[in-house]
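Novice: First the structure, which I've put down as structure tokens, then a few questions once you've had a look.
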Amino acid sequence: MLEDAKKMGPDRTRKGSQEPAAPDRSRFQALREEISRLLPEAMLRDSYRVREKLAQILSSSLPRRNPAKATDLLLRLKQQLEESAEEKRARHRKKPRLSYPNELPITRYRQEIIRAIKENRVIIVSGETGCGKSTQLPKMCLEAGRGLAGKIACTQPRRIAAMTIAMRIAEELDQPLGKTVGYKIRFQDRTSPEAYIKILTDGMLLAETQGDRLLTEYDTIIIDEAHERSLNIDFLIGLCRRLLEKRPELKMIITSATLEVEKFLKAFDNPPLFKVSGRLYPVEVMYFEPESLPKKKEEPDYVDLAVQAVDFIKKEKQTGDILVFMPTEQDILETCHRLQGKHYPDSVILPLFARMPAHQQKQIYHIKQGKIVVATNVAETSLTIPGIRYVIDTGLARISQYQSSSGIHSLPILPISKASAEQRKGRCGRVSSGLCLRLYSEEDYRSRPDHTPPEIQRSNLAEVILRMLDLELGHPLKFPFLDPPPARAVADGYRTLLELGAIEKSESGYELTGLGRKMARLPLDPRLSRMLLEAANRDCLEEVSIIAAALSIQDPRLRPLERAADADRVQSIFQHPESDFLTFYNLWQALQNTIQGQASSPNLKKFARDYFLSYNRLREWLFVHEQISEILEEQKIRAKTGMPKVSDSELYSAIHRSILSGFISHLAAHKEKNLYEVARGQEAMLWPGSALFKKPPSWVLAAELVRTNRLYLRTVARINPAWAEELAPHLCQYSYLDPYWDKGQGEVRAKERVTIFNLIIISNRDVPFGNQDPARAHEIFVEEALIKHQLESEFPFLEYNQQIISQIKLLEEKLRQRNILVPEQHLFDFYSGRLHGVYNLKGLEQRIRNAGSDDFLRLKEENLYLFRPAKELLEGYPDSVRILGHTYQLKYRF
DNA sequence: TAGGGTTTT
């Protein structure tokens with residue numbers, strides 16, 4: 001690294017440099033050399049920064065124009081480097097003493113791993129949970145000499161893990177938390193500048209790239225639990241692959257569960273791999289197949305099977321806690337109910353899922369023995385339940401998927417992958433030997449995919465693309481992702497950003513608009529950012545930022561199993577009859593009244609308890625709202641202090657128009673009962689928890705459109721569909737029906753129909769038709785206005801023409817035949833040829849004015865005959881006759 | 001008539 005830095009310093013900057021004139025030259029030159037010498041001694045952060053500044057100075061005209069000033073700048077850079085070099089030496093001196101717990105499996109590999117870190121840029125460590133990799137690897141990096149020129153970053157997928165791992169290492173090093181080892185998660189930074197090791201969420205490290213694209217704060221990056229393959233992890237790994245090219249001194253460690261390492265080996269060019277076993281006790285696997293059960297009339301479902309599997313364990317009279325994996329909350333309730341009916345002695349049956357009140361979740365730690373925990377996937381990675389000896393695995397989970405074709409998010413129940421099944425199996429056997437009962441056949445297991453598809457292949461990519469554009473990382477299909485996202489999903493992500501007005505097409509592809517640039521600064525889904533920016537223009541930023549914050553966190557409203565009705569009743573006082581968004585707003589008002597703006601208020605806990613709300617999520621909501629407000633303030637995005645809203649309905653309209661700007665494709669038109677038609681003709685049902693469920697309005701917008709057992713509209717509000725046209729005319733399709741000549745207005749008009757995503761938002765709007773279809777309008781004009789003579793004002797040429805035509809028509813009546821006057825087509829061609837492109841009264845007048853007279857529109861009588869009846873013939877049809885001295889006018893009628 | 005789990009400038 002030292003060599004590299006020396007090389008890069010002066011070499012890169014020599015080109016284009018403009019040397020100052022002597023006598024300053026020698027002083028200037030000396031400083032340059034001094035800086036080059038100091039660059040590798042300094043902290044990476046400063047070294048990169050100084051190098052950049054030096055390059056700027058040298059490529060400018062300053063050294064020639066103002067040698068004294070240039071020399072002064074260089075002197076300052078040199079001083080910065082000296083201070084930085086001292087900082088680095090101090091880090092060296094103060095390096096903490098390290099020790100490793102002997103009982104951890106990874107400790108045995110210590111020497112080898114340290115050597116590998118020294119000799120390689122990337123290493124991969126695969127190991128099961130409990131092998132100690134998360135806590136020991138950062139220390140090994142330190143021992144290998146890392147963490148001096150920059151910190152050692154270690155990422156975690158979950159905040160709670162980042163905190164506990166940091167605390168654990170600090171404890172092992174006998175240092176106060178934050179000093180040598182700290183953690184940084186959203187809303188909480190517990191690291192001092194002199195820290196050596198920083199544990200942070202992967203999302204947080206990703207966030208840091210915005211301020212420091214090369215992540216020069218770190219000389220080593222450990223990406224822990226990389227096998228989880230979240231969007232953040234995949235994005236981070238892609239970034240790091242690029243960083244390794246740009247930063248020759250950077251080192252990385254990727255850690256992963258055993259099954260998943262192949263992809264990482266390939267992506268990083270076969271780095272050294274360490275396999276660390278973490279299993280302390282063996283786990284036996286039994287395939288608890290339907291065949292091995294007493295046959296019933298119907299195929300038993302997985303709840304049945306699970307109950308039988310628990311029975312099986314209980315009958316063997318073995319002791320030890322049981323963990324059952326179920327795909328859904330409902331299955332958990334049913335399973336718990338059925339198990340309770342069995343009245344097992346000394347057993348406690350505990351449901352467990354993320355949306356449960358925290359104090360109920362905590363029971364899994366309080367009950368020491370005889371527990372049967374029935375859980376969702378939350379127990380697969382996020383929560384570790386102590387004392388589990390038996391795992392019962394249905395082999396199923398709800399797995400989120402995003403269909404780019406329909407733009408709809410779904411949560412189907414799907415068979416889990418082999419990797420996931422292994423992870424579930426690993427949840428027992430931590431304290432003694434374990435048993436894993438799989439409620440499917442071994443053949444079924446073997447036929448399953450190795451891994452769950454990474455999140456990047458089943459997500460909406462709008463946010464990723466927005467960030468990539470902001471960080472100038474190029475096109476997602478050219479970015480070094482471990483697995484590229486599907487091209488179709490990328491296209492859909494771009495489409496969503498176009499829909500939101502965040503990007504526009506340019507010659508070289510897409511680029512951010514001003515709006516998009518602002519959206520990228522907000523730590524929110526682009527849809528939520530979009531609605532905030534709209535709210536600033538509509539003077540309801542305060543209200544919408546509360547709503548956006550609510551939509552970005554998990555719903556703070558809880559529904560405890562046994563008290564669901566109570567919760568519904570208590571929470572109903574917040575309900576707004578027309579808008580679930582305003583329900584959040586009402587809840588916020590009540591919250592503020594209670595805590596008076598203090599998140600630390602002791603009243604918050606009581607408020608949460610009284611209204612069945614999650615204390616943690618309420619705090620999260622407060623923090624997110626605060627964070628959003630700060631960023632908006634920094635970006636100088638403020639509500640226009642325009643006119644105050646004079647009515648509730650104006651405020652309602654402003655708020656919901658703003659929300660709609662982010663969710664324009666989530667419009668829905670009422671069909672019947674609780675059913676709505678959504679984009680592209682699909683049918684969706686209101687979420688039963690919505691305040692609108694009992695009185696569905698004719699149009700709603702939904703913040704969520706999600707398919708579980710059916711397609712639901714969740715978090716909805718009444719809207720006026722005309723708002724959609726106003727917000728997104730570029731997405732509307734216009735069609736025109738029944739064009740007609742409007743004599744009074746002197747123009748052709750039609751009934752306009754406006755659709756968006758195939759939903760008719762406006763029908764029968766009377767509008768001018770000429771601009772839409774000039775050719776058709778012209779035809780109608782000629783036929784109706786001229787040929788049928790339907791004009792309000794008088795035109796001499798029309799009177800004239802009409803007269804001639806009447807005369808010829810009279811002949812037809814007399815001779816009782818219809819083939820004397822030329823067909824109407826002739827008249828049409830006559831007018832059309834002379835009034836090309838004219839379709840209204842104004843146009844007609846203009847043409848006549850331009851021509852100086854209306855002669856060109858006067859018909860020539862001789863041209864109007866198909867055949868000219870002989871004079872003699874006509875004499876037989878006089879206009880009048882005299883009979884007995886009286887003259888009678890004759891009228892002829894055919 | 002009822003949603004698996006995370007994370008963020």
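If you're wondering about the labels, chains in the structure tokens are A, B, ... by order shown, residues count from 1 in each chain, ligands from 1 in order shown.
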Dump as a Markdown table the rows for residues of chain A within 9 Å of chain B: closest atom pair and distance in Å with one decimal, only C-alpha atoms (C1' of nucleotides) counted, ordered by chain and rising residue number.

Specialist:
| residue | atom | partner | partner_atom | distance |
| --- | --- | --- | --- | --- |
| A:Pro157 | CA | B:DT6 | C1' | 7.1 |
| A:Arg158 | CA | B:DT6 | C1' | 6.8 |
| A:Arg159 | CA | B:DT7 | C1' | 8.4 |
| A:Arg186 | CA | B:DT8 | C1' | 7.3 |
| A:Thr201 | CA | B:DT7 | C1' | 7.8 |
| A:Asp202 | CA | B:DT7 | C1' | 7.8 |
| A:Gly203 | CA | B:DT7 | C1' | 5.6 |
| A:Met204 | CA | B:DT8 | C1' | 6.5 |
| A:Leu206 | CA | B:DT8 | C1' | 8.3 |
| A:Ala207 | CA | B:DT9 | C1' | 5.3 |
| A:Glu208 | CA | B:DT9 | C1' | 6.8 |
| A:Thr209 | CA | B:DT9 | C1' | 8.4 |
| A:Gln210 | CA | B:DT9 | C1' | 6.1 |
| A:Gly211 | CA | B:DT9 | C1' | 7.4 |
| A:Ser230 | CA | B:DT6 | C1' | 7.9 |
| A:Asn232 | CA | B:DT7 | C1' | 7.5 |
| A:Pro327 | CA | B:DG4 | C1' | 6.8 |
| A:Thr328 | CA | B:DG4 | C1' | 7.0 |
| A:Glu329 | CA | B:DG3 | C1' | 8.3 |
| A:Gln330 | CA | B:DA2 | C1' | 8.9 |
| A:Phe353 | CA | B:DG4 | C1' | 8.9 |
| A:Ala354 | CA | B:DG5 | C1' | 7.9 |
| A:Thr376 | CA | B:DG4 | C1' | 6.7 |
| A:Asn377 | CA | B:DG4 | C1' | 6.2 |
| A:Val378 | CA | B:DG5 | C1' | 6.1 |
| A:Thr381 | CA | B:DG5 | C1' | 8.6 |
| A:Ser382 | CA | B:DG5 | C1' | 7.9 |
| A:Ala397 | CA | B:DG4 | C1' | 6.5 |
| A:Arg398 | CA | B:DG4 | C1' | 4.6 |
| A:Ile399 | CA | B:DG4 | C1' | 6.1 |
| A:Ser400 | CA | B:DG4 | C1' | 7.3 |
| A:Leu411 | CA | B:DG4 | C1' | 7.5 |
| A:Ile413 | CA | B:DG4 | C1' | 8.8 |
| A:Ala520 | CA | B:DT9 | C1' | 8.5 |
| A:Arg521 | CA | B:DT9 | C1' | 6.0 |
| A:Leu522 | CA | B:DT9 | C1' | 7.0 |
| A:Pro523 | CA | B:DT8 | C1' | 5.2 |
| A:Leu524 | CA | B:DT8 | C1' | 7.2 |
| A:Ile631 | CA | B:DT9 | C1' | 8.8 |
| A:Trp687 | CA | B:DA2 | C1' | 7.2 |
| A:Pro688 | CA | B:DT1 | C1' | 5.1 |
| A:Gly689 | CA | B:DA2 | C1' | 7.2 |
| A:Phe693 | CA | B:DT1 | C1' | 8.9 |
| A:Val706 | CA | B:DG3 | C1' | 8.7 |
| A:Thr708 | CA | B:DG3 | C1' | 7.6 |

Novice: Name the residues of stretch 491-577 of chain A that come out as alpha helix (DSSP H) in a backbone DSSP run; write them as a PyMOL selection string.

Specialist: chain A and resi 491-499+514-521+526-537+541-552+564-571

Novice: Residues at most 10 Å from A:Asp444, counting only C-alpha atoms (C1' of nucleotides), excluding those fewer than 4 positions away in the same chain, as an mmCIF file with all heavy atoms, in the first residue's frame?

Specialist:
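Below you can see around00.cif, which holds the result:
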data_model
loop_
_atom_site.group_PDB
_atom_site.id
_atom_site.type_symbol
_atom_site.label_atom_id
_atom_site.label_comp_id
_atom_site.auth_asym_id
_atom_site.auth_seq_id
_atom_site.Cartn_x
_atom_site.Cartn_y
_atom_site.Cartn_z
ATOM 1 N N TYR A 287 -37.428 -37.325 8.199
ATOM 2 C CA TYR A 287 -38.448 -36.859 7.262
ATOM 3 C C TYR A 287 -39.769 -37.455 7.684
ATOM 4 O O TYR A 287 -39.982 -38.654 7.597
ATOM 5 C CB TYR A 287 -38.062 -37.229 5.833
ATOM 6 C CG TYR A 287 -36.855 -36.442 5.385
ATOM 7 C CD1 TYR A 287 -35.566 -36.960 5.572
ATOM 8 C CD2 TYR A 287 -36.992 -35.189 4.830
ATOM 9 C CE1 TYR A 287 -34.447 -36.223 5.206
ATOM 10 C CE2 TYR A 287 -35.878 -34.451 4.456
ATOM 11 C CZ TYR A 287 -34.614 -34.974 4.644
ATOM 12 O OH TYR A 287 -33.510 -34.243 4.281
ATOM 13 N N GLU A 289 -42.854 -38.047 6.865
ATOM 14 C CA GLU A 289 -43.676 -38.010 5.663
ATOM 15 C C GLU A 289 -45.117 -38.358 5.956
ATOM 16 O O GLU A 289 -45.402 -39.123 6.861
ATOM 17 C CB GLU A 289 -43.123 -39.001 4.650
ATOM 18 C CG GLU A 289 -41.732 -38.638 4.181
ATOM 19 C CD GLU A 289 -41.145 -39.747 3.341
ATOM 20 O OE1 GLU A 289 -41.835 -40.144 2.388
ATOM 21 O OE2 GLU A 289 -40.046 -40.205 3.649
ATOM 22 N N GLY A 395 -41.469 -26.670 6.156
ATOM 23 C CA GLY A 395 -40.835 -26.497 4.843
ATOM 24 C C GLY A 395 -41.477 -25.394 4.014
ATOM 25 O O GLY A 395 -41.261 -25.322 2.811
ATOM 26 N N PRO A 415 -42.485 -23.338 -0.886
ATOM 27 C CA PRO A 415 -41.503 -24.239 -0.263
ATOM 28 C C PRO A 415 -40.183 -23.498 -0.075
ATOM 29 O O PRO A 415 -39.749 -22.777 -0.972
ATOM 30 C CB PRO A 415 -41.328 -25.359 -1.285
ATOM 31 C CG PRO A 415 -42.396 -25.169 -2.296
ATOM 32 C CD PRO A 415 -42.875 -23.771 -2.221
ATOM 33 N N LEU A 439 -41.488 -31.996 7.733
ATOM 34 C CA LEU A 439 -42.819 -32.505 7.408
ATOM 35 C C LEU A 439 -42.982 -32.666 5.895
ATOM 36 O O LEU A 439 -43.993 -32.292 5.311
ATOM 37 C CB LEU A 439 -43.893 -31.573 7.965
ATOM 38 C CG LEU A 439 -43.775 -31.260 9.466
ATOM 39 C CD1 LEU A 439 -44.909 -30.368 9.925
ATOM 40 C CD2 LEU A 439 -43.754 -32.552 10.289
ATOM 41 N N TYR A 440 -41.923 -33.191 5.288
ATOM 42 C CA TYR A 440 -41.966 -33.471 3.858
ATOM 43 C C TYR A 440 -40.940 -34.553 3.602
ATOM 44 O O TYR A 440 -40.139 -34.888 4.481
ATOM 45 C CB TYR A 440 -41.669 -32.212 3.036
ATOM 46 C CG TYR A 440 -40.537 -31.351 3.576
ATOM 47 C CD1 TYR A 440 -39.236 -31.478 3.089
ATOM 48 C CD2 TYR A 440 -40.768 -30.419 4.596
ATOM 49 C CE1 TYR A 440 -38.205 -30.691 3.587
ATOM 50 C CE2 TYR A 440 -39.743 -29.630 5.103
ATOM 51 C CZ TYR A 440 -38.465 -29.777 4.598
ATOM 52 O OH TYR A 440 -37.448 -29.016 5.106
ATOM 53 N N ARG A 448 -35.589 -29.452 -3.937
ATOM 54 C CA ARG A 448 -35.726 -28.008 -3.725
ATOM 55 C C ARG A 448 -34.518 -27.220 -4.222
ATOM 56 O O ARG A 448 -33.415 -27.760 -4.298
ATOM 57 C CB ARG A 448 -35.935 -27.739 -2.231
ATOM 58 C CG ARG A 448 -37.292 -28.264 -1.803
ATOM 59 C CD ARG A 448 -37.535 -28.025 -0.349
ATOM 60 N NE ARG A 448 -38.842 -28.542 0.002
ATOM 61 C CZ ARG A 448 -39.687 -27.955 0.824
ATOM 62 N NH1 ARG A 448 -39.348 -26.836 1.418
ATOM 63 N NH2 ARG A 448 -40.856 -28.480 1.069
#

Novice: In Å, rounded to a single decimal, give me how far atom CA of A:Leu437 is from atom CA of A:Val348.

Specialist: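 According to the coordinates, atom CA of A:Val348 and atom CA of A:Leu437 are separated by 19.9 Å.
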
Novice: Using DSSP on the backbone, list every residue of stretch 571-806 of chain A that comes out as strand (DSSP E), and give them as JSON, numbers by chain.

Specialist: {"A": [667, 668, 669, 670, 671, 672, 675, 676, 677, 678, 683, 684, 685, 686, 699, 700, 701, 702, 703, 704, 705, 706, 707, 711, 712, 713, 714, 715, 716, 717, 718, 732, 733, 734, 735, 736, 737, 738, 739, 740, 741, 742, 747, 748, 749, 750, 751, 752, 753, 754, 755, 756, 759, 760, 761, 762, 763, 764, 765, 766, 767, 768]}

Novice: Using only C-alpha atoms (C1' of nucleotides), determine which residues lie at most 10 Å from stretch 557-568 of chain A, disregarding the query and same-chain residues fewer than 4 positions distant; provide the list as a compact mmCIF listing (two decimals) with N, CA and C atoms, in the first residue's frame.

Specialist:
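Result saved to result-v3.txt:
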# COMPACT_ATOMS: atom_id res chain seq x y z
N GLU A 329 -49.26 -16.22 10.16
CA GLU A 329 -49.80 -15.94 11.49
C GLU A 329 -51.03 -16.79 11.77
N LEU A 333 -51.82 -19.39 14.83
CA LEU A 333 -52.96 -19.36 15.75
C LEU A 333 -53.65 -20.71 15.79
N PRO A 351 -46.93 -18.55 20.71
CA PRO A 351 -46.84 -18.10 19.32
C PRO A 351 -45.70 -17.08 19.22
N ARG A 355 -44.95 -9.20 14.33
CA ARG A 355 -45.94 -8.16 14.60
C ARG A 355 -46.61 -8.36 15.97
N MET A 356 -45.92 -9.01 16.86
CA MET A 356 -46.48 -9.29 18.17
C MET A 356 -45.92 -8.29 19.17
N PRO A 357 -46.67 -7.92 20.20
CA PRO A 357 -46.12 -6.99 21.19
C PRO A 357 -44.82 -7.54 21.77
N GLN A 360 -44.77 -9.87 24.77
CA GLN A 360 -45.18 -11.25 24.51
C GLN A 360 -44.05 -12.05 23.86
N SER A 572 -60.07 2.56 17.36
CA SER A 572 -61.05 3.13 16.43
C SER A 572 -61.23 4.64 16.66
N ILE A 573 -60.84 5.15 17.83
CA ILE A 573 -61.01 6.60 18.04
C ILE A 573 -60.09 7.43 17.14
N PHE A 584 -53.53 7.76 10.59
CA PHE A 584 -52.16 7.90 11.11
C PHE A 584 -51.94 9.31 11.66
N LEU A 587 -53.62 9.70 14.96
CA LEU A 587 -52.84 8.98 15.97
C LEU A 587 -51.64 9.82 16.39
N ALA A 608 -48.65 3.92 24.67
CA ALA A 608 -48.51 2.70 23.87
C ALA A 608 -49.34 1.57 24.46
N ASP A 610 -51.95 1.77 26.58
CA ASP A 610 -53.39 2.05 26.56
C ASP A 610 -54.03 1.76 25.20
N TYR A 611 -53.28 2.06 24.15
CA TYR A 611 -53.88 1.96 22.82
C TYR A 611 -53.36 0.78 22.00
N PHE A 612 -52.75 -0.19 22.64
CA PHE A 612 -52.22 -1.38 21.94
C PHE A 612 -51.29 -0.96 20.81
N LEU A 613 -50.33 -0.12 21.15
CA LEU A 613 -49.37 0.32 20.14
C LEU A 613 -47.99 -0.18 20.51
N SER A 614 -47.14 -0.33 19.49
CA SER A 614 -45.78 -0.77 19.76
C SER A 614 -44.93 0.42 20.19
N TYR A 615 -44.42 0.35 21.40
CA TYR A 615 -43.59 1.43 21.94
C TYR A 615 -42.39 1.70 21.02
N ARG A 617 -41.99 1.01 17.86
CA ARG A 617 -42.33 1.56 16.55
C ARG A 617 -42.79 3.01 16.66
N LEU A 618 -43.43 3.36 17.76
CA LEU A 618 -43.80 4.77 17.97
C LEU A 618 -42.54 5.63 18.03
N GLY A 689 -59.13 -4.23 7.77
CA GLY A 689 -58.82 -3.33 8.87
C GLY A 689 -58.98 -1.85 8.51

Novice: Rank A:Arg438, A:Asn758, A:Lys636, A:Asn764 by their smallest atom-to-atom distance to A:Lys518, using only C-alpha atoms, and report the top residue only.

Specialist: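 Nearest to A:Lys518: A:Lys636.
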
Novice: Between atom CA of A:Ser529 and atom CA of A:Leu660, what distance in Å does the model show, to one decimal?

Specialist: 12.0 Å
